[in-house]
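Novice: Pasting in a structure now, in structure tokens, and then I'll have a few things to ask.
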Amino acid sequence: MKKIILSAAFLAFAGFTAANATEVKEPVAITVKQDSATKVPVELKDLPEPVKATLQTEPVKAWTPTAAFLVTAADKSTYYQIDIKKGEETASVRLDKDGKPVK
């Protein structure tokens, strides 16, 4: 008798759960904000001299530059993003045209 009552209770609970799971309330609008920055590849040899000088200072000089990009942000500001590597570690440095770090 217990098994029958427990089975009936389980089926009733499963039925309520399935009915509630298929209930649609209001559609949810999903918005995606994309970064409107543009990246243009730059040859490492074509970087401005102040940027090259900064790459030769501590602590960055222990890293090897692998790629560089000129990034133009949505507010029309520009900076250089230099990808660097040391052993298996990789990172990137953002510098303005004067070689100063950009946040």
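Naming works like this for the structure tokens: A, B, ... for the chains as they're shown, residue 1 at the start of each chain, ligands 1 onward in shown order.
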Tell me, as a PyMOL selection string, which residues lie within 9 Å of Thr54 of chain A, counting only C-alpha atoms; anything in the same chain fewer than 6 positions away does not count.
Specialist: chain A and resi 60-61+95+98-100
Novice: Can you tell me, as a PDB file with N, CA, C and O atoms, in the first residue's frame, what residues are no more than 10 Å from Lys97 of chain A when counting only C-alpha atoms, ignoring any on the same chain fewer than 5 positions away?
Specialist:
```
ATOM      1  N   LEU A  47      56.961  50.263 -35.147  1.00  0.00           N
ATOM      2  CA  LEU A  47      56.461  50.928 -33.943  1.00  0.00           C
ATOM      3  C   LEU A  47      57.209  52.243 -33.739  1.00  0.00           C
ATOM      4  O   LEU A  47      58.392  52.358 -34.095  1.00  0.00           O
ATOM      5  N   PRO A  48      56.558  53.249 -33.142  1.00  0.00           N
ATOM      6  CA  PRO A  48      57.246  54.517 -32.872  1.00  0.00           C
ATOM      7  C   PRO A  48      58.434  54.305 -31.916  1.00  0.00           C
ATOM      8  O   PRO A  48      58.420  53.397 -31.081  1.00  0.00           O
ATOM      9  N   GLU A  49      59.434  55.133 -32.035  1.00  0.00           N
ATOM     10  CA  GLU A  49      60.640  55.012 -31.211  1.00  0.00           C
ATOM     11  C   GLU A  49      60.348  55.043 -29.707  1.00  0.00           C
ATOM     12  O   GLU A  49      60.932  54.270 -28.953  1.00  0.00           O
ATOM     13  N   PRO A  50      59.449  55.927 -29.212  1.00  0.00           N
ATOM     14  CA  PRO A  50      59.162  55.908 -27.771  1.00  0.00           C
ATOM     15  C   PRO A  50      58.586  54.566 -27.303  1.00  0.00           C
ATOM     16  O   PRO A  50      58.878  54.106 -26.203  1.00  0.00           O
ATOM     17  N   VAL A  51      57.787  53.926 -28.151  1.00  0.00           N
ATOM     18  CA  VAL A  51      57.214  52.618 -27.796  1.00  0.00           C
ATOM     19  C   VAL A  51      58.325  51.573 -27.760  1.00  0.00           C
ATOM     20  O   VAL A  51      58.409  50.763 -26.824  1.00  0.00           O
ATOM     21  N   LEU A  70      47.688  48.503 -33.727  1.00  0.00           N
ATOM     22  CA  LEU A  70      47.255  49.867 -33.442  1.00  0.00           C
ATOM     23  C   LEU A  70      45.763  49.787 -33.193  1.00  0.00           C
ATOM     24  O   LEU A  70      44.990  49.412 -34.076  1.00  0.00           O
ATOM     25  N   THR A  78      43.811  56.379 -29.522  1.00  0.00           N
ATOM     26  CA  THR A  78      44.588  55.285 -30.095  1.00  0.00           C
ATOM     27  C   THR A  78      45.695  54.878 -29.135  1.00  0.00           C
ATOM     28  O   THR A  78      46.196  55.684 -28.357  1.00  0.00           O
ATOM     29  N   TYR A  79      46.044  53.607 -29.207  1.00  0.00           N
ATOM     30  CA  TYR A  79      47.176  53.074 -28.450  1.00  0.00           C
ATOM     31  C   TYR A  79      47.695  51.837 -29.166  1.00  0.00           C
ATOM     32  O   TYR A  79      47.039  51.298 -30.056  1.00  0.00           O
ATOM     33  N   TYR A  80      48.880  51.419 -28.776  1.00  0.00           N
ATOM     34  CA  TYR A  80      49.482  50.217 -29.343  1.00  0.00           C
ATOM     35  C   TYR A  80      49.325  49.075 -28.350  1.00  0.00           C
ATOM     36  O   TYR A  80      49.634  49.219 -27.175  1.00  0.00           O
TER      37      TYR A  80
END
```
Novice: With only C-alpha atoms as the counted atoms, please give the residues lying no more than 12 Å from Ile84 of chain A, apart from itself and same-chain residues fewer than 2 positions off, as a ChimeraX atom specification.
Specialist: /A:44,55,59-69,81-82,86-94
Novice: Grab the residues selected above and save them as a PDB file, in the first residue's frame with C-alpha atoms.
Specialist:
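Wrote it out as result-v8.pdb, contents follow:
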```pdb
ATOM      1  CA  LEU A  44      57.214  45.461 -34.757  1.00  0.00           C
ATOM      2  CA  LEU A  55      59.835  47.832 -24.550  1.00  0.00           C
ATOM      3  CA  PRO A  59      60.338  44.862 -16.395  1.00  0.00           C
ATOM      4  CA  VAL A  60      59.203  44.527 -20.019  1.00  0.00           C
ATOM      5  CA  LYS A  61      62.638  43.903 -21.519  1.00  0.00           C
ATOM      6  CA  ALA A  62      62.672  40.343 -20.134  1.00  0.00           C
ATOM      7  CA  TRP A  63      59.736  39.589 -22.473  1.00  0.00           C
ATOM      8  CA  THR A  64      59.875  39.109 -26.247  1.00  0.00           C
ATOM      9  CA  PRO A  65      57.388  41.052 -28.408  1.00  0.00           C
ATOM     10  CA  THR A  66      55.486  38.735 -30.761  1.00  0.00           C
ATOM     11  CA  ALA A  67      52.850  40.960 -32.407  1.00  0.00           C
ATOM     12  CA  ALA A  68      51.656  44.554 -32.366  1.00  0.00           C
ATOM     13  CA  PHE A  69      48.372  46.263 -33.147  1.00  0.00           C
ATOM     14  CA  GLN A  81      48.760  46.731 -28.026  1.00  0.00           C
ATOM     15  CA  ILE A  82      51.930  44.678 -28.037  1.00  0.00           C
ATOM     16  CA  LYS A  86      58.379  34.892 -21.857  1.00  0.00           C
ATOM     17  CA  GLY A  87      58.816  31.134 -21.968  1.00  0.00           C
ATOM     18  CA  GLU A  88      55.305  29.660 -21.958  1.00  0.00           C
ATOM     19  CA  GLU A  89      53.710  32.812 -20.487  1.00  0.00           C
ATOM     20  CA  THR A  90      51.982  35.309 -22.739  1.00  0.00           C
ATOM     21  CA  ALA A  91      50.688  38.799 -21.984  1.00  0.00           C
ATOM     22  CA  SER A  92      50.006  42.094 -23.702  1.00  0.00           C
ATOM     23  CA  VAL A  93      51.120  45.648 -23.058  1.00  0.00           C
ATOM     24  CA  ARG A  94      49.136  48.753 -24.007  1.00  0.00           C
TER      25      ARG A  94
END
```
Novice: Suppose you want the space between atom CA of Lys76 of chain A and atom CA of Asp96 of chain A; what is it in Å?
Specialist: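 Between atom CA of Lys76 of chain A and atom CA of Asp96 of chain A the gap is 12.8 Å.
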Novice: Got a sec: who's within 10 Å of Asp75 of chain A, counting only C-alpha atoms, leaving out chain neighbours fewer than 2 positions off, as a short mmCIF file (atom, residue, chain, number, x, y, z; two decimals) with C-alpha atoms, in the first residue's frame?
Specialist:
```
data_model
loop_
_atom_site.label_atom_id
_atom_site.label_comp_id
_atom_site.auth_asym_id
_atom_site.auth_seq_id
_atom_site.Cartn_x
_atom_site.Cartn_y
_atom_site.Cartn_z
CA SER A 36 33.69 49.11 -31.11
CA ALA A 37 37.48 49.24 -31.04
CA THR A 72 41.45 52.81 -32.11
CA ALA A 73 38.86 52.92 -29.32
CA SER A 77 41.77 57.47 -28.78
CA THR A 78 44.59 55.29 -30.10
#
```
